[in-house]
Each structure stands twice: as structure tokens, then as C-alpha cells.
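Here is the file data_23.txt (compact mmCIF, C-alpha atoms).
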```txt
# COMPACT_ATOMS: atom_id res chain seq x y z
CA MET A 1 15.49 -14.65 -2.86
CA TYR A 2 12.30 -12.63 -3.30
CA LYS A 3 12.13 -9.33 -5.19
CA LEU A 4 9.48 -6.66 -4.75
CA VAL A 5 9.48 -3.62 -7.03
CA LEU A 6 7.55 -0.50 -6.03
CA ILE A 7 6.90 2.21 -8.62
CA ARG A 8 5.28 5.55 -7.98
CA HIS A 9 3.21 6.44 -11.06
CA GLY A 10 4.74 8.66 -13.71
CA GLN A 11 4.20 12.41 -13.54
CA SER A 12 0.49 13.25 -13.75
CA THR A 13 -1.10 16.32 -15.31
CA TRP A 14 -1.78 17.68 -11.81
CA ASN A 15 1.80 16.94 -10.73
CA LEU A 16 2.81 19.10 -13.68
CA GLU A 17 0.47 21.88 -12.52
CA ASN A 18 1.62 21.40 -8.89
CA LEU A 19 -1.89 20.64 -7.61
CA PHE A 20 -2.90 18.40 -4.71
CA THR A 21 -4.29 15.29 -6.37
CA GLY A 22 -5.18 12.55 -3.87
CA TRP A 23 -8.09 10.40 -5.07
CA THR A 24 -8.86 12.70 -8.03
CA ASP A 25 -8.46 10.52 -11.12
CA VAL A 26 -6.15 12.54 -13.35
CA ASP A 27 -4.15 11.25 -16.30
CA LEU A 28 -0.42 11.01 -16.96
CA SER A 29 1.43 13.92 -18.50
CA GLU A 30 3.65 13.47 -21.54
CA ARG A 31 6.60 13.16 -19.17
CA GLY A 32 4.66 10.62 -17.09
CA VAL A 33 4.12 8.38 -20.13
CA LYS A 34 7.83 8.55 -20.88
CA GLU A 35 8.69 7.71 -17.27
CA GLY A 36 6.48 4.62 -17.36
CA LYS A 37 8.10 3.38 -20.55
CA GLU A 38 11.61 4.11 -19.27
CA ALA A 39 10.88 2.21 -16.05
CA GLY A 40 9.79 -0.81 -18.08
CA LYS A 41 12.92 -0.69 -20.25
CA ASN A 42 15.18 -0.40 -17.22
CA LEU A 43 13.48 -3.27 -15.42
CA LYS A 44 13.74 -5.47 -18.49
CA GLU A 45 17.43 -4.62 -18.92
CA ALA A 46 17.99 -5.43 -15.24
CA GLY A 47 16.55 -8.91 -15.80
CA PHE A 48 13.25 -8.62 -13.94
CA ASN A 49 10.47 -11.00 -14.98
CA PHE A 50 7.31 -10.38 -12.97
CA LYS A 51 4.61 -13.00 -12.49
CA PHE A 52 2.02 -10.78 -10.79
CA ALA A 53 1.26 -7.07 -10.40
CA TYR A 54 -0.76 -4.78 -8.15
CA THR A 55 -2.05 -1.28 -8.71
CA SER A 56 -4.65 1.18 -7.44
CA TYR A 57 -8.05 2.28 -8.76
CA LEU A 58 -6.53 5.44 -10.25
CA LYS A 59 -5.62 5.72 -13.93
CA ARG A 60 -2.22 7.36 -13.44
CA ALA A 61 -1.00 4.26 -11.61
CA ILE A 62 -2.85 1.81 -13.87
CA LYS A 63 -1.44 3.40 -17.02
CA THR A 64 2.07 3.53 -15.58
CA LEU A 65 1.86 -0.19 -14.84
CA ASN A 66 0.56 -0.84 -18.36
CA TYR A 67 3.49 1.01 -19.91
CA VAL A 68 5.95 -0.88 -17.69
CA LEU A 69 4.47 -4.27 -18.55
CA GLU A 70 4.22 -3.44 -22.25
CA GLU A 71 7.91 -2.57 -22.42
CA MET A 72 8.68 -5.84 -20.64
CA ASP A 73 6.31 -7.89 -22.87
CA LEU A 74 4.42 -8.91 -19.72
CA MET A 75 0.97 -7.47 -20.32
CA TRP A 76 -0.46 -10.97 -19.98
CA ILE A 77 0.37 -11.41 -16.30
CA PRO A 78 -2.38 -11.15 -13.64
CA VAL A 79 -3.01 -7.64 -12.25
CA GLU A 80 -4.99 -6.92 -9.10
CA LYS A 81 -6.45 -3.46 -8.54
CA THR A 82 -7.33 -2.26 -5.05
CA TRP A 83 -8.49 1.00 -3.46
CA ARG A 84 -6.05 0.25 -0.63
CA LEU A 85 -3.20 1.31 -2.94
CA ASN A 86 -4.82 4.67 -3.75
CA GLU A 87 -3.00 7.86 -2.90
CA LYS A 88 -3.67 9.57 0.43
CA HIS A 89 -6.95 11.50 0.24
CA TYR A 90 -6.15 15.22 0.51
CA GLY A 91 -9.68 16.31 1.34
CA THR A 92 -10.61 19.84 0.27
CA LEU A 93 -7.01 20.50 -0.82
CA GLN A 94 -7.54 18.33 -3.91
CA GLY A 95 -7.30 20.46 -7.03
CA LEU A 96 -5.63 23.38 -5.23
CA ASN A 97 -2.14 24.68 -6.00
CA LYS A 98 0.48 23.80 -3.39
CA VAL A 99 2.38 27.10 -3.56
CA GLU A 100 -0.86 29.11 -3.33
CA MET A 101 -1.88 27.09 -0.26
CA VAL A 102 1.46 27.96 1.37
CA GLU A 103 0.84 31.64 0.64
CA LYS A 104 -2.63 31.37 2.19
CA TYR A 105 -2.02 29.11 5.22
CA GLY A 106 1.76 29.18 5.72
CA SER A 107 4.44 26.61 4.99
CA GLU A 108 4.21 24.87 8.38
CA GLN A 109 0.47 24.22 8.11
CA VAL A 110 0.73 22.95 4.54
CA LEU A 111 3.67 20.73 5.49
CA GLN A 112 1.52 19.25 8.25
CA TRP A 113 -1.34 18.56 5.83
CA ARG A 114 0.98 17.25 3.16
CA ARG A 115 3.49 15.17 5.06
CA SER A 116 2.78 14.73 8.78
CA TYR A 117 1.95 11.27 10.03
CA ASP A 118 -1.35 12.02 11.73
CA VAL A 119 -2.65 15.49 10.72
CA ARG A 120 -5.48 15.36 8.17
CA PRO A 121 -6.41 18.14 5.72
CA PRO A 122 -9.97 19.54 5.94
CA ALA A 123 -12.45 16.84 4.84
CA ILE A 124 -14.72 16.90 1.81
CA PRO A 125 -18.38 16.74 2.96
CA GLU A 126 -20.23 13.54 2.08
CA GLU A 127 -22.74 15.47 -0.04
CA ASP A 128 -19.93 16.81 -2.25
CA PRO A 129 -19.93 15.07 -5.68
CA ARG A 130 -16.16 14.55 -5.27
CA HIS A 131 -16.60 12.44 -2.13
CA PRO A 132 -15.71 8.75 -2.73
CA LYS A 133 -19.16 7.59 -1.59
CA ASN A 134 -20.53 9.37 -4.70
CA ASP A 135 -18.05 7.63 -7.04
CA GLN A 136 -19.11 4.29 -8.55
CA ARG A 137 -15.63 2.87 -7.94
CA TYR A 138 -16.10 3.11 -4.19
CA ALA A 139 -19.88 3.32 -3.65
CA HIS A 140 -20.19 -0.47 -3.20
CA LEU A 141 -17.30 -0.79 -0.72
CA THR A 142 -18.10 -1.45 2.93
CA GLU A 143 -14.59 -1.85 4.33
CA ALA A 144 -13.45 0.62 6.97
CA GLY A 145 -11.73 3.62 5.41
CA SER A 146 -12.82 2.82 1.85
CA GLN A 147 -14.80 6.07 1.47
CA PRO A 148 -12.68 8.74 3.19
CA GLY A 149 -13.28 12.46 2.99
CA THR A 150 -9.68 13.07 4.03
CA GLU A 151 -6.67 11.09 5.24
CA ALA A 152 -3.31 11.42 6.97
CA LEU A 153 -0.42 9.05 6.34
CA ILE A 154 -1.48 7.03 9.37
CA ASP A 155 -4.72 6.22 7.53
CA THR A 156 -2.89 4.99 4.43
CA VAL A 157 -0.67 2.86 6.68
CA ASP A 158 -3.76 1.44 8.39
CA ARG A 159 -5.25 0.40 5.05
CA ILE A 160 -2.13 -0.80 3.26
CA VAL A 161 -0.19 -2.74 5.91
CA PRO A 162 -2.96 -5.31 6.54
CA TYR A 163 -3.28 -5.71 2.76
CA TRP A 164 0.47 -6.23 2.52
CA GLU A 165 0.26 -9.01 5.09
CA SER A 166 -2.88 -10.68 3.74
CA ASP A 167 -2.35 -10.34 -0.02
CA ILE A 168 0.85 -8.80 -1.37
CA LYS A 169 3.34 -10.65 0.83
CA PRO A 170 1.82 -14.13 0.20
CA THR A 171 1.75 -13.36 -3.53
CA LEU A 172 5.42 -12.35 -3.42
CA ILE A 173 6.28 -15.60 -1.65
CA LYS A 174 4.32 -17.55 -4.26
CA TYR A 175 5.71 -15.86 -7.38
CA LYS A 176 9.15 -14.70 -6.12
CA GLU A 177 9.04 -11.45 -8.12
CA ILE A 178 6.18 -8.94 -8.29
CA VAL A 179 5.61 -5.26 -9.05
CA VAL A 180 3.38 -2.71 -7.31
CA ALA A 181 2.53 0.50 -9.19
CA ALA A 182 0.87 3.01 -6.88
CA HIS A 183 1.30 6.43 -5.29
CA GLY A 184 3.67 8.42 -3.13
CA ASN A 185 1.86 7.95 0.15
CA SER A 186 0.49 4.43 -0.26
CA LEU A 187 4.01 3.31 -1.18
CA ARG A 188 5.47 5.26 1.72
CA GLY A 189 3.14 3.25 3.95
CA ILE A 190 4.58 -0.02 2.63
CA ILE A 191 8.15 1.28 2.87
CA LYS A 192 7.61 2.50 6.42
CA HIS A 193 6.46 -0.99 7.38
CA LEU A 194 9.22 -2.87 5.52
CA LYS A 195 12.06 -0.69 6.82
CA ASN A 196 10.57 0.03 10.24
CA ILE A 197 10.85 3.79 9.71
CA SER A 198 9.64 5.94 12.58
CA ASP A 199 6.56 8.17 12.39
CA THR A 200 8.90 11.18 12.47
CA ASP A 201 11.45 10.05 9.90
CA ILE A 202 8.89 8.93 7.30
CA VAL A 203 8.00 12.61 6.80
CA SER A 204 11.30 13.21 5.00
CA LEU A 205 11.02 10.30 2.53
CA ASN A 206 10.50 11.71 -0.98
CA LEU A 207 9.56 9.21 -3.67
CA PRO A 208 10.26 10.31 -7.25
CA THR A 209 7.80 9.51 -10.02
CA GLY A 210 8.51 6.62 -12.35
CA ILE A 211 11.66 5.26 -10.70
CA PRO A 212 11.56 1.56 -9.74
CA TYR A 213 12.41 0.94 -6.07
CA VAL A 214 13.63 -2.63 -5.50
CA PHE A 215 13.40 -4.60 -2.26
CA GLU A 216 15.22 -7.93 -1.96
CA PHE A 217 14.33 -10.46 0.75
CA ASP A 218 16.00 -13.71 1.82
CA ASP A 219 14.19 -17.05 2.04
CA GLN A 220 12.78 -16.12 5.46
CA MET A 221 11.44 -12.83 4.05
CA ASN A 222 14.00 -10.74 5.90
CA LEU A 223 14.85 -7.56 4.03
CA VAL A 224 18.38 -7.88 2.63
CA LYS A 225 18.72 -4.66 0.64
CA ASP A 226 16.75 -1.96 -1.14
CA TYR A 227 17.76 0.33 -3.98
CA PHE A 228 16.42 2.55 -6.77
CA LEU A 229 17.05 1.74 -10.43
CA ALA A 230 18.55 5.16 -11.13
CA ASP A 231 21.93 6.84 -10.90
CA GLU A 232 22.58 8.90 -7.77
CA GLU A 233 22.47 12.32 -9.44
CA THR A 234 19.19 11.66 -11.26
CA LEU A 235 17.67 10.28 -8.08
CA ARG A 236 18.84 13.29 -6.04
CA GLN A 237 17.37 15.76 -8.51
CA LEU A 238 14.02 13.96 -8.67
CA MET A 239 13.75 13.67 -4.89
CA GLU A 240 14.52 17.38 -4.52
CA GLU A 241 11.82 18.13 -7.07
CA VAL A 242 9.27 16.32 -4.88
CA ALA A 243 10.53 17.99 -1.70
CA ASN A 244 10.33 21.49 -3.23
CA GLN A 245 6.77 21.34 -4.58
CA THR A 246 5.55 23.92 -2.08
CA LYS A 247 8.27 26.42 -2.96
CA LYS A 248 8.04 29.07 -5.66
```
Structure re-expressed in C-alpha cells:
Amino acid sequence: MYKLVLIRHGQSTWNLENLFTGWTDVDLSERGVKEGKEAGKNLKEAGFNFKFAYTSYLKRAIKTLNYVLEEMDLMWIPVEKTWRLNEKHYGTLQGLNKVEMVEKYGSEQVLQWRRSYDVRPPAIPEEDPRHPKNDQRYAHLTEAGSQPGTEALIDTVDRIVPYWESDIKPTLIKYKEIVVAAHGNSLRGIIKHLKNISDTDIVSLNLPTGIPYVFEFDDQMNLVKDYFLADEETLRQLMEEVANQTKK
């Protein structure tokens, strides 16, 4: 039996302000810190004992992972950081309020930018200081897609699924139990692949912040079951919170 745990980072300061975040490197909110610690406590109580961890280049995911591992007394385990686990790049929407964008462009257009499989928001120009090519974290990268000015979910799938096959999956087979702390869309890319979710249906998957999502595989790496470490009512409320971010 192999166990993979996916955790969307705890609430960030821009989640709290209802802003599009993407690759902008914002910190955790007070609630986000609490969510990271609670996730660690719940995983420890459930008997998880990770041997390896993955996270993105963004501090809200890195800090969430740190809080999880600290609560589990596992801060010593190897951690690999990769840009491939970054959130979807929201282009020029980054830093803008989601409700205000609905008022300006309409709910259907914002839904397309936010959740559709292959519609990208307007791109940030390369000369913009916010563009990844002007950030030291990404300036040295030469891999395709490593310096995007905007992305759709299809782009996050294209960068994360090969990494799942080449790195995360072999590590899971080696260590039996690993954790990945990342972002709503990069994790949705993994989930889409693991559960064979259609391009249409993946639009409606809402991942709550800070709730561990467990995937169990048999010895042939066939998915046996998947479940959240949360009670049904809490999970429902948190998923609705994500779904309603563009509503007043």
C-alpha cells in the first residue's frame, strides 16, 4: 500500500483579501498558520509518517509544509522544491480583487479565466518587473513553461503530470508515504491525472485550504481510494467558500 497526501497551502493574506494570487509570493494569514498546524496534528493522529516531501517555490506552500512537518516531528525529512508545483499563473489578474473583476468583466468571463481548462487570463508583459523572467527564482530556468506570463489549467497539467511520472511517483514507490504541499491548481492537475477527471468536470473541483487529501494505491499503483481528513460538514463549508470567492 502506498499513501500520497496532497495539501493545498493554508489561507494566504491574499486569499483573505480575495485577490488573485498566482505566482505572487504572499505569506500565510493567521488562519493559514493555524490550518497548517491543524493539518500536521491531524496527520500525526491518523498515523502518517512521511519519508519525503515536495513543495513549490512559493512561501505560502513552503511554510504550510513546515508547520505540518513540525507538528509531526518530521522537519528532518528531505524536501524537494520545484516551480512545477507553483500555482497557476493568473497573468495581469494577479493582485486584483475577484469580486471587482466580476463587476468589471462579468461572471462568465472571470469564471473562464479562473477555472476553465484552456482559457488563459491576459498575460503580464516580459518587461514587467512581476514577470517570472525578472525574478531570481526563475531567471535561471530554461525548461519549457518555467517563465510564464499567464497560464490556464492545461498549462499546469502539462508541467505537473510529467513531473509526477518522473519524480513524485518513483519517490512514492520508494518511500511508501509522502506529502505534497502546493496550490489549488497544481494539485488539481495531479488529481485530474490520478482520477482521470475530464477537462469539463475538473472545473467544478474546489480544493479547500489546509485540509489533507489522501490517496491510497495498491502494490501495482492502482488508485484504491481517496479521502479528505475532515468531517463532511467542515469540508462542505470550506469547498463552498472556495467556490463562492467571486460572489459578494
> Which residues, written as number ranges by chain, have at least one atom at most 6 Å from Ala152 in chain A, with all atoms listed in the file counted and residues fewer than 2 positions away on the same chain left out?
Replying inline: A: 118-120, 154-155
> Could you name the residues that touch range 47-55 of chain A at 6 Å or less, counting all atoms listed in the file, but leaving out those on the same chain fewer than 3 positions away, as a ChimeraX atom specification?
Replying inline: /A:43-44,77-81,175,177-182
>> For Tyr67 in chain A, find every residue with an atom within 8 Å (counting all atoms listed in the file), except residues of its own chain fewer than 4 positions away, and show them as number ranges by chain.
In response: A: 33, 36-37, 40, 63, 71
> Skipping near chain neighbours, those fewer than 2 positions away, what residues fall within 10 Å of Leu223 in chain A using all atoms listed in the file, listed as a ChimeraX atom specification?
Replying inline: /A:1-3,194-195,215-221,225-226
>> From the options A:Glu35, A:Asp73, A:Glu17, A:Asp135, which residue's atoms come nearest to Leu96 in chain A, counting only C-alpha atoms?
In response: A:Glu17
Compile a residue-level contact table for range 27-124 of chain A against range 227-247 of chain A at a cut-off of 8 Å, reporting for every qualifying residue the shortest atom pair and its distance in Å to one decimal, with all atoms listed in the file counted, rows ordered by chain and ascending number, as CSV.
```
residue,atom,partner,partner_atom,distance
A:Asn42,CA,A:Leu229,CA,7.4
A:Leu43,CA,A:Leu229,CA,7.9
A:Lys98,CA,A:Thr246,CA,5.2
A:Val99,CA,A:Thr246,CA,4.7
A:Val102,CA,A:Thr246,CA,6.7
A:Ser107,CA,A:Thr246,CA,7.6
```
Export of prior selection with C-alpha atoms as a PDB file, in the coordinates of the input:
```
ATOM      1  CA  ASN A  42      15.180  -0.400 -17.220  1.00  0.00           C
ATOM      2  CA  LEU A  43      13.480  -3.270 -15.420  1.00  0.00           C
ATOM      3  CA  LYS A  98       0.480  23.800  -3.390  1.00  0.00           C
ATOM      4  CA  VAL A  99       2.380  27.100  -3.560  1.00  0.00           C
ATOM      5  CA  VAL A 102       1.460  27.960   1.370  1.00  0.00           C
ATOM      6  CA  SER A 107       4.440  26.610   4.990  1.00  0.00           C
TER       7      SER A 107
END
```
>> Quick check, in Å to one decimal: how far apart do CA of Thr82 in chain A and CA of Lys169 in chain A lie?
In response: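 Rounded to one decimal, the two atoms are 14.8 Å apart.
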>> Just the number, please: distance in Å from CA of Leu153 in chain A to CA of Asp201 in chain A, one decimal.
In response: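 Separation of CA of Leu153 in chain A and CA of Asp201 in chain A: 12.4 Å.
Closest approach to Ala39 in chain A from the set A:Leu74, A:Leu172, A:Ile211, A:Gln94 is made by A:Ile211, with distances taken over only C-alpha atoms.
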> Any idea what's packed within 7 Å of Gly91 in chain A, counting all atoms listed in the file, ignoring anything in its chain fewer than 4 positions away? Could you give it as a PyMOL selection string?
Replying inline: chain A and resi 121-124+149-150
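Taking CA of Glu87 in chain A and CA of Leu58 in chain A as endpoints, the distance between them is 8.5 Å.
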>> Given the point (12.2, -3.3, -4.6) in the file's coordinates, find the residues that have an atom at most 6 Å from it, counting only C-alpha atoms, and give them as a list in words.
In response: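 The answer, in the requested form, is Leu4, Val5, Leu6, Tyr213, Val214, Phe215 and Asp226 of chain A.
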> Which one is closest to Leu65 in chain A: A:Leu187, A:Ile7, A:Ile202, A:Ile197? Count all atoms listed in the file.
Replying inline: A:Ile7
